[in-house]
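K.L.:
Got my_file18.cif for you, mmCIF, N, CA and C atoms and all ligand atoms:
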```cif
data_start
loop_
_atom_site.label_atom_id
_atom_site.label_comp_id
_atom_site.auth_asym_id
_atom_site.auth_seq_id
_atom_site.Cartn_x
_atom_site.Cartn_y
_atom_site.Cartn_z
N MET A 1 115.19 82.22 125.01
CA MET A 1 116.12 83.21 124.44
C MET A 1 115.39 84.52 124.16
N GLY A 2 115.84 85.57 124.81
CA GLY A 2 115.23 86.88 124.60
C GLY A 2 115.70 87.47 123.28
N GLU A 3 114.80 88.12 122.59
CA GLU A 3 115.15 88.64 121.28
C GLU A 3 115.90 89.96 121.34
N LYS A 4 115.47 90.83 122.23
CA LYS A 4 116.11 92.14 122.28
C LYS A 4 116.69 92.44 123.66
N GLY A 5 117.38 91.50 124.20
CA GLY A 5 118.00 91.69 125.51
C GLY A 5 119.16 92.64 125.43
N PRO A 6 119.10 93.75 126.13
CA PRO A 6 120.22 94.68 126.07
C PRO A 6 121.41 94.16 126.87
N SER A 7 122.37 93.67 126.18
CA SER A 7 123.54 93.12 126.86
C SER A 7 124.79 93.87 126.43
N ARG A 8 125.52 94.32 127.38
CA ARG A 8 126.72 95.12 127.09
C ARG A 8 128.00 94.29 127.05
N ARG A 9 127.98 93.16 127.72
CA ARG A 9 129.19 92.35 127.75
C ARG A 9 129.11 91.20 126.76
N ILE A 10 128.26 91.37 125.77
CA ILE A 10 128.05 90.28 124.82
C ILE A 10 129.21 90.15 123.83
N SER A 11 129.90 91.25 123.57
CA SER A 11 130.91 91.26 122.51
C SER A 11 131.96 90.15 122.64
N PHE A 12 132.43 89.90 123.84
CA PHE A 12 133.46 88.87 124.05
C PHE A 12 132.91 87.50 123.70
N ILE A 13 131.71 87.22 124.21
CA ILE A 13 131.05 85.94 123.94
C ILE A 13 130.77 85.84 122.44
N LEU A 14 130.38 86.96 121.88
CA LEU A 14 130.05 87.03 120.46
C LEU A 14 131.26 86.66 119.60
N ILE A 15 132.41 87.21 119.97
CA ILE A 15 133.65 86.93 119.23
C ILE A 15 133.97 85.43 119.30
N ILE A 16 133.84 84.86 120.49
CA ILE A 16 134.10 83.42 120.66
C ILE A 16 133.13 82.61 119.79
N MET A 17 131.85 83.02 119.84
CA MET A 17 130.83 82.32 119.07
C MET A 17 131.11 82.40 117.57
N ILE A 18 131.56 83.57 117.13
CA ILE A 18 131.88 83.77 115.72
C ILE A 18 133.03 82.84 115.32
N PHE A 19 134.04 82.78 116.17
CA PHE A 19 135.19 81.93 115.89
C PHE A 19 134.81 80.45 115.89
N VAL A 20 134.00 80.06 116.83
CA VAL A 20 133.55 78.66 116.92
C VAL A 20 132.74 78.31 115.67
N ALA A 21 131.82 79.22 115.31
CA ALA A 21 130.98 79.01 114.13
C ALA A 21 131.83 78.93 112.87
N LEU A 22 132.82 79.80 112.80
CA LEU A 22 133.73 79.83 111.64
C LEU A 22 134.51 78.52 111.55
N GLY A 23 135.03 78.09 112.69
CA GLY A 23 135.79 76.85 112.76
C GLY A 23 134.95 75.65 112.36
N LEU A 24 133.75 75.58 112.90
CA LEU A 24 132.84 74.46 112.61
C LEU A 24 132.42 74.46 111.14
N SER A 25 132.18 75.66 110.61
CA SER A 25 131.76 75.77 109.22
C SER A 25 132.85 75.30 108.28
N ILE A 26 134.07 75.76 108.56
CA ILE A 26 135.21 75.35 107.72
C ILE A 26 135.41 73.83 107.82
N ALA A 27 135.33 73.32 109.04
CA ALA A 27 135.46 71.88 109.28
C ALA A 27 134.38 71.12 108.52
N ALA A 28 133.15 71.64 108.56
CA ALA A 28 132.03 71.01 107.88
C ALA A 28 132.26 70.96 106.38
N PHE A 29 132.81 72.06 105.83
CA PHE A 29 133.10 72.09 104.39
C PHE A 29 134.18 71.08 104.02
N PHE A 30 135.17 70.94 104.92
CA PHE A 30 136.23 69.97 104.68
C PHE A 30 135.67 68.55 104.71
N PHE A 31 134.81 68.29 105.69
CA PHE A 31 134.18 66.97 105.81
C PHE A 31 133.32 66.69 104.57
N ALA A 32 132.63 67.74 104.12
CA ALA A 32 131.76 67.61 102.95
C ALA A 32 132.59 67.25 101.72
N ALA A 33 133.68 67.99 101.53
CA ALA A 33 134.57 67.74 100.39
C ALA A 33 135.12 66.32 100.46
N ASP A 34 135.50 65.91 101.67
CA ASP A 34 136.05 64.58 101.90
C ASP A 34 135.01 63.51 101.57
N ALA A 35 133.77 63.76 101.99
CA ALA A 35 132.69 62.82 101.75
C ALA A 35 132.38 62.71 100.26
N PHE A 36 132.42 63.86 99.57
CA PHE A 36 132.13 63.85 98.13
C PHE A 36 133.22 63.10 97.37
N VAL A 37 134.45 63.30 97.81
CA VAL A 37 135.57 62.60 97.20
C VAL A 37 135.42 61.10 97.42
N GLY A 38 134.97 60.74 98.60
CA GLY A 38 134.77 59.33 98.95
C GLY A 38 133.43 58.78 98.46
N GLN A 39 132.80 59.47 97.52
CA GLN A 39 131.54 59.04 96.89
C GLN A 39 130.35 58.97 97.86
N ASP A 40 130.51 59.51 99.03
CA ASP A 40 129.40 59.47 100.00
C ASP A 40 128.63 60.79 99.91
N SER A 41 127.79 60.92 98.92
CA SER A 41 127.12 62.19 98.65
C SER A 41 126.11 62.58 99.73
N ILE A 42 125.48 61.63 100.39
CA ILE A 42 124.50 61.96 101.43
C ILE A 42 125.20 62.63 102.61
N GLN A 43 126.29 62.04 103.02
CA GLN A 43 127.07 62.62 104.11
C GLN A 43 127.65 63.97 103.67
N GLY A 44 128.05 64.04 102.42
CA GLY A 44 128.60 65.27 101.85
C GLY A 44 127.61 66.40 101.92
N ILE A 45 126.38 66.10 101.52
CA ILE A 45 125.31 67.11 101.54
C ILE A 45 125.02 67.52 102.99
N TYR A 46 125.03 66.56 103.86
CA TYR A 46 124.78 66.81 105.28
C TYR A 46 125.81 67.79 105.85
N PHE A 47 127.06 67.54 105.55
CA PHE A 47 128.12 68.44 106.05
C PHE A 47 128.08 69.80 105.36
N LEU A 48 127.73 69.77 104.07
CA LEU A 48 127.63 71.01 103.31
C LEU A 48 126.55 71.91 103.91
N MET A 49 125.43 71.29 104.27
CA MET A 49 124.31 72.01 104.90
C MET A 49 124.78 72.63 106.22
N MET A 50 125.52 71.85 106.97
CA MET A 50 126.03 72.32 108.27
C MET A 50 126.93 73.54 108.07
N GLY A 51 127.78 73.44 107.05
CA GLY A 51 128.69 74.54 106.73
C GLY A 51 127.93 75.80 106.33
N ILE A 52 126.92 75.63 105.50
CA ILE A 52 126.11 76.76 105.04
C ILE A 52 125.37 77.39 106.22
N MET A 53 124.84 76.53 107.08
CA MET A 53 124.13 77.03 108.27
C MET A 53 125.07 77.82 109.17
N GLY A 54 126.26 77.30 109.31
CA GLY A 54 127.27 77.98 110.12
C GLY A 54 127.59 79.36 109.59
N PHE A 55 127.76 79.43 108.28
CA PHE A 55 128.08 80.72 107.65
C PHE A 55 126.91 81.69 107.70
N THR A 56 125.70 81.14 107.61
CA THR A 56 124.51 81.98 107.71
C THR A 56 124.45 82.60 109.11
N PHE A 57 124.70 81.77 110.10
CA PHE A 57 124.71 82.22 111.50
C PHE A 57 125.79 83.29 111.70
N LEU A 58 126.92 83.03 111.09
CA LEU A 58 128.06 83.94 111.20
C LEU A 58 127.73 85.31 110.60
N THR A 59 127.14 85.28 109.40
CA THR A 59 126.76 86.52 108.71
C THR A 59 125.76 87.29 109.56
N TYR A 60 124.78 86.56 110.11
CA TYR A 60 123.76 87.16 110.95
C TYR A 60 124.39 87.87 112.15
N MET A 61 125.31 87.16 112.79
CA MET A 61 126.01 87.70 113.96
C MET A 61 126.77 88.98 113.61
N LEU A 62 127.46 88.93 112.48
CA LEU A 62 128.26 90.09 112.06
C LEU A 62 127.37 91.28 111.75
N ILE A 63 126.23 91.02 111.12
CA ILE A 63 125.29 92.09 110.79
C ILE A 63 124.76 92.71 112.09
N GLN A 64 124.43 91.85 113.05
CA GLN A 64 123.91 92.31 114.34
C GLN A 64 124.93 93.20 115.04
N THR A 65 126.18 92.78 115.04
CA THR A 65 127.25 93.54 115.69
C THR A 65 127.41 94.90 115.02
N ARG A 66 127.36 94.88 113.69
CA ARG A 66 127.54 96.10 112.93
C ARG A 66 126.40 97.08 113.19
N LYS A 67 125.19 96.56 113.21
CA LYS A 67 124.01 97.38 113.48
C LYS A 67 124.15 98.11 114.81
N LYS A 68 124.60 97.36 115.80
CA LYS A 68 124.75 97.89 117.15
C LYS A 68 125.76 99.04 117.16
N THR A 69 126.88 98.84 116.45
CA THR A 69 127.93 99.86 116.40
C THR A 69 127.42 101.11 115.71
N VAL A 70 126.73 100.92 114.59
CA VAL A 70 126.20 102.05 113.84
C VAL A 70 125.22 102.84 114.70
N LYS A 71 124.38 102.13 115.43
CA LYS A 71 123.40 102.75 116.30
C LYS A 71 124.07 103.62 117.35
N LEU A 72 125.18 103.11 117.88
CA LEU A 72 125.92 103.84 118.91
C LEU A 72 126.55 105.10 118.33
N LEU A 73 127.01 105.01 117.09
CA LEU A 73 127.66 106.15 116.45
C LEU A 73 126.66 107.24 116.10
N ILE A 74 125.47 106.81 115.67
CA ILE A 74 124.44 107.76 115.26
C ILE A 74 123.83 108.49 116.47
N GLN A 75 123.74 107.77 117.57
CA GLN A 75 123.13 108.31 118.79
C GLN A 75 123.63 109.73 119.09
N PRO A 76 122.72 110.70 119.14
CA PRO A 76 123.15 112.07 119.40
C PRO A 76 123.62 112.28 120.85
N GLN A 77 124.44 113.27 120.99
CA GLN A 77 124.95 113.55 122.33
C GLN A 77 123.85 114.17 123.19
N GLN A 78 123.73 113.61 124.35
CA GLN A 78 122.69 114.07 125.26
C GLN A 78 123.22 115.21 126.13
N VAL A 79 122.43 116.27 126.19
CA VAL A 79 122.79 117.38 127.05
C VAL A 79 121.76 117.45 128.17
N ALA A 80 122.26 117.51 129.38
CA ALA A 80 121.37 117.54 130.53
C ALA A 80 121.45 118.88 131.25
N THR A 81 120.35 119.26 131.84
CA THR A 81 120.28 120.50 132.61
C THR A 81 119.97 120.14 134.07
N THR A 82 120.77 120.68 134.96
CA THR A 82 120.52 120.44 136.37
C THR A 82 119.85 121.68 136.95
N ILE A 83 118.72 121.45 137.56
CA ILE A 83 117.97 122.55 138.18
C ILE A 83 118.04 122.36 139.69
N LEU A 84 118.39 123.44 140.35
CA LEU A 84 118.58 123.36 141.79
C LEU A 84 117.70 124.38 142.52
N CYS A 85 117.08 123.93 143.59
CA CYS A 85 116.29 124.84 144.41
C CYS A 85 117.23 125.49 145.42
N GLN A 86 117.26 126.81 145.40
CA GLN A 86 118.17 127.53 146.28
C GLN A 86 117.72 127.46 147.74
N LYS A 87 116.45 127.20 147.95
CA LYS A 87 115.91 127.19 149.30
C LYS A 87 116.10 125.86 150.03
N CYS A 88 115.66 124.79 149.38
CA CYS A 88 115.74 123.50 150.07
C CYS A 88 116.77 122.54 149.49
N GLY A 89 117.37 122.93 148.39
CA GLY A 89 118.41 122.08 147.82
C GLY A 89 117.90 120.96 146.95
N PHE A 90 116.63 121.01 146.60
CA PHE A 90 116.08 119.97 145.74
C PHE A 90 116.73 120.05 144.36
N LYS A 91 117.13 118.91 143.86
CA LYS A 91 117.85 118.86 142.59
C LYS A 91 117.07 118.05 141.57
N ASN A 92 116.97 118.61 140.40
CA ASN A 92 116.27 117.91 139.32
C ASN A 92 117.11 117.95 138.05
N ILE A 93 117.26 116.80 137.44
CA ILE A 93 118.02 116.73 136.19
C ILE A 93 117.06 116.35 135.07
N ARG A 94 117.06 117.18 134.05
CA ARG A 94 116.21 116.88 132.89
C ARG A 94 116.99 117.14 131.62
N ASP A 95 116.39 116.77 130.49
CA ASP A 95 117.03 116.99 129.20
C ASP A 95 117.15 118.49 128.93
N PHE A 96 118.21 118.85 128.26
CA PHE A 96 118.43 120.25 127.91
C PHE A 96 117.32 120.72 126.97
N GLN A 97 116.82 121.91 127.27
CA GLN A 97 115.81 122.50 126.40
C GLN A 97 116.35 123.79 125.82
N ARG A 98 115.90 124.10 124.63
CA ARG A 98 116.36 125.31 123.96
C ARG A 98 116.10 126.54 124.85
N GLY A 99 117.09 127.35 125.00
CA GLY A 99 116.93 128.56 125.82
C GLY A 99 117.42 128.38 127.25
N ASP A 100 117.85 127.19 127.58
CA ASP A 100 118.38 126.96 128.93
C ASP A 100 119.75 127.62 129.08
N TYR A 101 119.93 128.28 130.18
CA TYR A 101 121.26 128.81 130.50
C TYR A 101 121.44 128.80 132.00
N ILE A 102 122.68 128.85 132.42
CA ILE A 102 122.97 128.77 133.85
C ILE A 102 122.44 130.01 134.58
N LEU A 103 121.83 129.77 135.70
CA LEU A 103 121.20 130.76 136.58
C LEU A 103 119.86 131.28 136.05
N LYS A 104 119.36 130.65 135.03
CA LYS A 104 118.04 131.01 134.51
C LYS A 104 116.99 130.44 135.47
N GLU A 105 115.93 131.18 135.63
CA GLU A 105 114.85 130.71 136.49
C GLU A 105 114.11 129.57 135.81
N ALA A 106 113.93 128.51 136.53
CA ALA A 106 113.22 127.36 135.97
C ALA A 106 111.87 127.20 136.67
N GLU A 107 111.30 126.05 136.53
CA GLU A 107 109.99 125.81 137.13
C GLU A 107 110.05 125.85 138.66
N GLU A 108 108.89 125.78 139.26
CA GLU A 108 108.81 125.83 140.72
C GLU A 108 109.25 124.51 141.34
N CYS A 109 109.81 124.64 142.53
CA CYS A 109 110.27 123.47 143.27
C CYS A 109 109.05 122.66 143.72
N PRO A 110 109.06 121.37 143.46
CA PRO A 110 107.90 120.56 143.88
C PRO A 110 107.80 120.40 145.40
N LYS A 111 108.86 120.74 146.09
CA LYS A 111 108.86 120.59 147.55
C LYS A 111 108.40 121.84 148.27
N CYS A 112 108.98 123.00 147.86
CA CYS A 112 108.67 124.22 148.59
C CYS A 112 108.07 125.33 147.72
N ASN A 113 107.79 125.01 146.47
CA ASN A 113 107.18 125.95 145.53
C ASN A 113 107.99 127.22 145.26
N GLU A 114 109.26 127.15 145.59
CA GLU A 114 110.16 128.28 145.32
C GLU A 114 110.67 128.14 143.89
N LYS A 115 110.94 129.26 143.24
CA LYS A 115 111.47 129.17 141.87
C LYS A 115 112.87 128.57 141.91
N MET A 116 113.09 127.60 141.07
CA MET A 116 114.40 126.95 141.04
C MET A 116 115.27 127.60 139.96
N LEU A 117 116.57 127.43 140.11
CA LEU A 117 117.52 127.99 139.15
C LEU A 117 118.30 126.88 138.47
N ILE A 118 118.63 127.13 137.21
CA ILE A 118 119.46 126.16 136.49
C ILE A 118 120.89 126.30 137.02
N SER A 119 121.41 125.25 137.58
CA SER A 119 122.74 125.33 138.18
C SER A 119 123.84 124.86 137.25
N SER A 120 123.53 123.95 136.37
CA SER A 120 124.55 123.52 135.42
C SER A 120 123.95 122.86 134.19
N ILE A 121 124.70 122.95 133.13
CA ILE A 121 124.32 122.31 131.88
C ILE A 121 125.53 121.51 131.44
N TYR A 122 125.32 120.26 131.21
CA TYR A 122 126.47 119.43 130.82
C TYR A 122 126.09 118.38 129.80
N ARG A 123 127.11 117.90 129.17
CA ARG A 123 126.92 116.88 128.15
C ARG A 123 127.07 115.52 128.80
N GLU A 124 126.09 114.70 128.58
CA GLU A 124 126.14 113.34 129.13
C GLU A 124 126.96 112.49 128.19
N VAL A 125 128.13 112.10 128.65
CA VAL A 125 129.00 111.28 127.80
C VAL A 125 128.73 109.81 128.11
N LYS A 126 128.27 109.14 127.08
CA LYS A 126 128.01 107.72 127.24
C LYS A 126 128.98 106.94 126.37
N GLU A 127 130.04 106.56 126.96
CA GLU A 127 131.04 105.81 126.20
C GLU A 127 130.87 104.33 126.46
N GLU A 128 130.56 103.65 125.39
CA GLU A 128 130.40 102.20 125.50
C GLU A 128 131.27 101.55 124.46
N LYS A 129 132.33 100.98 124.94
CA LYS A 129 133.23 100.30 124.02
C LYS A 129 133.14 98.81 124.23
N GLY A 130 133.14 98.09 123.15
CA GLY A 130 133.16 96.65 123.30
C GLY A 130 132.43 95.95 122.23
ZN ZN B 201 112.73 123.78 147.24
#
```
With the file now loaded, output its structure as structure tokens.
Ligand SMILES: [Zn+2]

P.N.:
Amino acid sequence: MGEKGPSRRISFILIIMIFVALGLSIAAFFFAADAFVGQDSIQGIYFLMMGIMGFTFLTYMLIQTRKKTVKLLIQPQQVATTILCQKCGFKNIRDFQRGDYILKEAEECPKCNEKMLISSIYREVKEEKG
């Protein structure tokens, strides 16, 4: 099991897992209560432990999901600058730097050493829902 595997389609599986864990935990608590009523304290404790573990897992999962969402919201908007060589058409995309404007002369083209021009500046929209 990878600890920090970047998975984008995890949310659906996560929801199912949360529901399964919730169901099992509630069931475990019911079994525990039933066992305690039936004077079977060992079995009661066993089910109670299962229920607590289930809820711990559930809380952990919810915290993880929330962390991920917060991280996505905090993430600043990325602005990219496209630099184009007028001579050979070489295109380079880099992060926006202060003072960048369209048609501004940029660094030299790595292919033909001609001065390149900034052709466009745009905001990289990264929409990730789920
Ligand atoms: Zn060039």

K.L.:
Any residue with an atom at most 8 Å from ligand ZN 201 (chain B) counts, using all atoms listed in the file. Which are they? Put them as a list in words.

P.N.:
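The neighbouring residues of ligand ZN 201 (chain B) are, in order, Leu84, Cys85, Gln86, Lys87, Cys88, Gly89, Phe90, Lys91, Glu108, Cys109, Pro110, Lys111, Cys112, Asn113, Glu114, Lys115 and Met116 of chain A.
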
K.L.:
Going by DSSP on the backbone, which bits of stretch 62-96 of chain A are helix (DSSP H, G or I)? Write them as a PDB file with N, CA and C atoms, keeping the file's coordinate frame, please.

P.N.:
```pdb
ATOM      1  N   LEU A  62     127.460  88.930 112.480  1.00  0.00           N
ATOM      2  CA  LEU A  62     128.260  90.090 112.060  1.00  0.00           C
ATOM      3  C   LEU A  62     127.370  91.280 111.750  1.00  0.00           C
ATOM      4  N   ILE A  63     126.230  91.020 111.120  1.00  0.00           N
ATOM      5  CA  ILE A  63     125.290  92.090 110.790  1.00  0.00           C
ATOM      6  C   ILE A  63     124.760  92.710 112.090  1.00  0.00           C
ATOM      7  N   GLN A  64     124.430  91.850 113.050  1.00  0.00           N
ATOM      8  CA  GLN A  64     123.910  92.310 114.340  1.00  0.00           C
ATOM      9  C   GLN A  64     124.930  93.200 115.040  1.00  0.00           C
ATOM     10  N   THR A  65     126.180  92.780 115.040  1.00  0.00           N
ATOM     11  CA  THR A  65     127.250  93.540 115.690  1.00  0.00           C
ATOM     12  C   THR A  65     127.410  94.900 115.020  1.00  0.00           C
ATOM     13  N   ARG A  66     127.360  94.880 113.690  1.00  0.00           N
ATOM     14  CA  ARG A  66     127.540  96.100 112.930  1.00  0.00           C
ATOM     15  C   ARG A  66     126.400  97.080 113.190  1.00  0.00           C
ATOM     16  N   LYS A  67     125.190  96.560 113.210  1.00  0.00           N
ATOM     17  CA  LYS A  67     124.010  97.380 113.480  1.00  0.00           C
ATOM     18  C   LYS A  67     124.150  98.110 114.810  1.00  0.00           C
ATOM     19  N   LYS A  68     124.600  97.360 115.800  1.00  0.00           N
ATOM     20  CA  LYS A  68     124.750  97.890 117.150  1.00  0.00           C
ATOM     21  C   LYS A  68     125.760  99.040 117.160  1.00  0.00           C
ATOM     22  N   THR A  69     126.880  98.840 116.450  1.00  0.00           N
ATOM     23  CA  THR A  69     127.930  99.860 116.400  1.00  0.00           C
ATOM     24  C   THR A  69     127.420 101.110 115.710  1.00  0.00           C
ATOM     25  N   VAL A  70     126.730 100.920 114.590  1.00  0.00           N
ATOM     26  CA  VAL A  70     126.200 102.050 113.840  1.00  0.00           C
ATOM     27  C   VAL A  70     125.220 102.840 114.700  1.00  0.00           C
ATOM     28  N   LYS A  71     124.380 102.130 115.430  1.00  0.00           N
ATOM     29  CA  LYS A  71     123.400 102.750 116.300  1.00  0.00           C
ATOM     30  C   LYS A  71     124.070 103.620 117.350  1.00  0.00           C
ATOM     31  N   LEU A  72     125.180 103.110 117.880  1.00  0.00           N
ATOM     32  CA  LEU A  72     125.920 103.840 118.910  1.00  0.00           C
ATOM     33  C   LEU A  72     126.550 105.100 118.330  1.00  0.00           C
ATOM     34  N   LEU A  73     127.010 105.010 117.090  1.00  0.00           N
ATOM     35  CA  LEU A  73     127.660 106.150 116.450  1.00  0.00           C
ATOM     36  C   LEU A  73     126.660 107.240 116.100  1.00  0.00           C
ATOM     37  N   ILE A  74     125.470 106.810 115.670  1.00  0.00           N
ATOM     38  CA  ILE A  74     124.440 107.760 115.260  1.00  0.00           C
ATOM     39  C   ILE A  74     123.830 108.490 116.470  1.00  0.00           C
TER      40      ILE A  74
END
```

K.L.:
Got a sec to tell me which of stretch 10-118 of chain A DSSP assigns to strand (DSSP E), as a VMD selection string?

P.N.:
chain A and resid 78 to 84 91 to 95 105 to 108 115 to 118

K.L.:
Just want the 6 Å neighbourhood of stretch 21-34 of chain A, counted on only C-alpha atoms, with same-chain residues fewer than 6 positions away dropped. Output as a list in words.

P.N.:
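Listed by chain and then number, they are Gly44, Phe47, Leu48, Gly51 and Gly54 of chain A.
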
K.L.:
Can you tell me how far atom C of A:Ile118 sits from atom CA of A:Glu105, in Å to one decimal?

P.N.:
7.5 Å

K.L.:
Can you tell me, as a list in words, what residues are no more than 6.5 Å from A:Arg94 when counting all atoms listed in the file, ignoring any on the same chain fewer than 6 positions away?

P.N.:
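So, after excluding close chain neighbours, the residues are Val79, Ala80, Thr81, Thr82 and Ile83 of chain A.
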
K.L.:
Could you tell me how far atom CA of A:Ala35 sits from atom CA of A:Ile16, in Å to one decimal place?

P.N.:
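Between atom CA of A:Ile16 and atom CA of A:Ala35 the gap is 28.0 Å.
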
K.L.:
Quick check, in Å to one decimal: how far apart do atom C of A:Met50 and atom C of A:Ile15 lie?

P.N.:
17.8 Å

K.L.:
Using only the atoms of stretch 98-115 of chain A listed in the file, plus 6 Å on each side, state the axis-aligned box centre and edge lengths in Å rounded to one decimal, as JSON.

P.N.:
```
{"center_x": 115.1, "center_y": 125.8, "center_z": 136.3, "size_x": 27.8, "size_y": 22.9, "size_z": 36.6}
```

K.L.:
Using the partial input, fill out stretch 105-113 of chain A with all heavy atoms; write the result as a PDB file, in the coordinates of the input.

P.N.:
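Resulting contents of part.pdb:
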```pdb
ATOM      1  N   GLU A 105     115.930 131.180 135.630  1.00  0.00           N
ATOM      2  CA  GLU A 105     114.850 130.710 136.490  1.00  0.00           C
ATOM      3  C   GLU A 105     114.110 129.570 135.810  1.00  0.00           C
ATOM      4  O   GLU A 105     113.719 129.673 134.648  1.00  0.00           O
ATOM      5  CB  GLU A 105     113.865 131.848 136.781  1.00  0.00           C
ATOM      6  CG  GLU A 105     114.191 132.598 138.046  1.00  0.00           C
ATOM      7  CD  GLU A 105     113.021 133.469 138.515  1.00  0.00           C
ATOM      8  OE1 GLU A 105     111.973 133.500 137.862  1.00  0.00           O
ATOM      9  OE2 GLU A 105     113.178 134.124 139.555  1.00  0.00           O
ATOM     10  N   ALA A 106     113.930 128.510 136.530  1.00  0.00           N
ATOM     11  CA  ALA A 106     113.220 127.360 135.970  1.00  0.00           C
ATOM     12  C   ALA A 106     111.870 127.200 136.670  1.00  0.00           C
ATOM     13  O   ALA A 106     111.401 128.134 137.326  1.00  0.00           O
ATOM     14  CB  ALA A 106     114.078 126.126 136.124  1.00  0.00           C
ATOM     15  N   GLU A 107     111.300 126.050 136.530  1.00  0.00           N
ATOM     16  CA  GLU A 107     109.990 125.810 137.130  1.00  0.00           C
ATOM     17  C   GLU A 107     110.050 125.850 138.660  1.00  0.00           C
ATOM     18  O   GLU A 107     111.113 125.900 139.254  1.00  0.00           O
ATOM     19  CB  GLU A 107     109.417 124.476 136.647  1.00  0.00           C
ATOM     20  CG  GLU A 107     110.215 123.253 137.032  1.00  0.00           C
ATOM     21  CD  GLU A 107     111.215 122.827 135.960  1.00  0.00           C
ATOM     22  OE1 GLU A 107     111.552 123.644 135.082  1.00  0.00           O
ATOM     23  OE2 GLU A 107     111.667 121.685 136.040  1.00  0.00           O
ATOM     24  N   GLU A 108     108.890 125.780 139.260  1.00  0.00           N
ATOM     25  CA  GLU A 108     108.810 125.830 140.720  1.00  0.00           C
ATOM     26  C   GLU A 108     109.250 124.510 141.340  1.00  0.00           C
ATOM     27  O   GLU A 108     109.078 123.443 140.769  1.00  0.00           O
ATOM     28  CB  GLU A 108     107.376 126.155 141.146  1.00  0.00           C
ATOM     29  CG  GLU A 108     107.043 127.618 140.969  1.00  0.00           C
ATOM     30  CD  GLU A 108     105.586 127.917 141.315  1.00  0.00           C
ATOM     31  OE1 GLU A 108     104.881 127.015 141.781  1.00  0.00           O
ATOM     32  OE2 GLU A 108     105.182 129.074 141.113  1.00  0.00           O
ATOM     33  N   CYS A 109     109.810 124.640 142.530  1.00  0.00           N
ATOM     34  CA  CYS A 109     110.270 123.470 143.270  1.00  0.00           C
ATOM     35  C   CYS A 109     109.050 122.660 143.720  1.00  0.00           C
ATOM     36  O   CYS A 109     108.117 123.217 144.285  1.00  0.00           O
ATOM     37  CB  CYS A 109     111.084 123.927 144.474  1.00  0.00           C
ATOM     38  SG  CYS A 109     111.553 122.573 145.575  1.00  0.00           S
ATOM     39  N   PRO A 110     109.060 121.370 143.460  1.00  0.00           N
ATOM     40  CA  PRO A 110     107.900 120.560 143.880  1.00  0.00           C
ATOM     41  C   PRO A 110     107.800 120.400 145.400  1.00  0.00           C
ATOM     42  O   PRO A 110     106.772 120.002 145.925  1.00  0.00           O
ATOM     43  CB  PRO A 110     108.149 119.215 143.192  1.00  0.00           C
ATOM     44  CG  PRO A 110     109.597 119.173 142.947  1.00  0.00           C
ATOM     45  CD  PRO A 110     110.066 120.583 142.769  1.00  0.00           C
ATOM     46  N   LYS A 111     108.860 120.740 146.090  1.00  0.00           N
ATOM     47  CA  LYS A 111     108.860 120.590 147.550  1.00  0.00           C
ATOM     48  C   LYS A 111     108.400 121.840 148.270  1.00  0.00           C
ATOM     49  O   LYS A 111     107.591 121.790 149.188  1.00  0.00           O
ATOM     50  CB  LYS A 111     110.270 120.215 148.031  1.00  0.00           C
ATOM     51  CG  LYS A 111     110.566 118.731 147.899  1.00  0.00           C
ATOM     52  CD  LYS A 111     111.895 118.426 148.555  1.00  0.00           C
ATOM     53  CE  LYS A 111     112.177 116.930 148.556  1.00  0.00           C
ATOM     54  NZ  LYS A 111     113.499 116.651 149.145  1.00  0.00           N
ATOM     55  N   CYS A 112     108.980 123.000 147.860  1.00  0.00           N
ATOM     56  CA  CYS A 112     108.670 124.220 148.590  1.00  0.00           C
ATOM     57  C   CYS A 112     108.070 125.330 147.720  1.00  0.00           C
ATOM     58  O   CYS A 112     107.869 126.447 148.191  1.00  0.00           O
ATOM     59  CB  CYS A 112     109.906 124.725 149.334  1.00  0.00           C
ATOM     60  SG  CYS A 112     111.258 125.128 148.228  1.00  0.00           S
ATOM     61  N   ASN A 113     107.790 125.010 146.470  1.00  0.00           N
ATOM     62  CA  ASN A 113     107.180 125.950 145.530  1.00  0.00           C
ATOM     63  C   ASN A 113     107.990 127.220 145.260  1.00  0.00           C
ATOM     64  O   ASN A 113     107.479 128.201 144.756  1.00  0.00           O
ATOM     65  CB  ASN A 113     105.752 126.320 145.956  1.00  0.00           C
ATOM     66  CG  ASN A 113     104.838 125.104 145.921  1.00  0.00           C
ATOM     67  OD1 ASN A 113     104.941 124.266 145.030  1.00  0.00           O
ATOM     68  ND2 ASN A 113     103.971 124.995 146.900  1.00  0.00           N
TER      69      ASN A 113
END
```
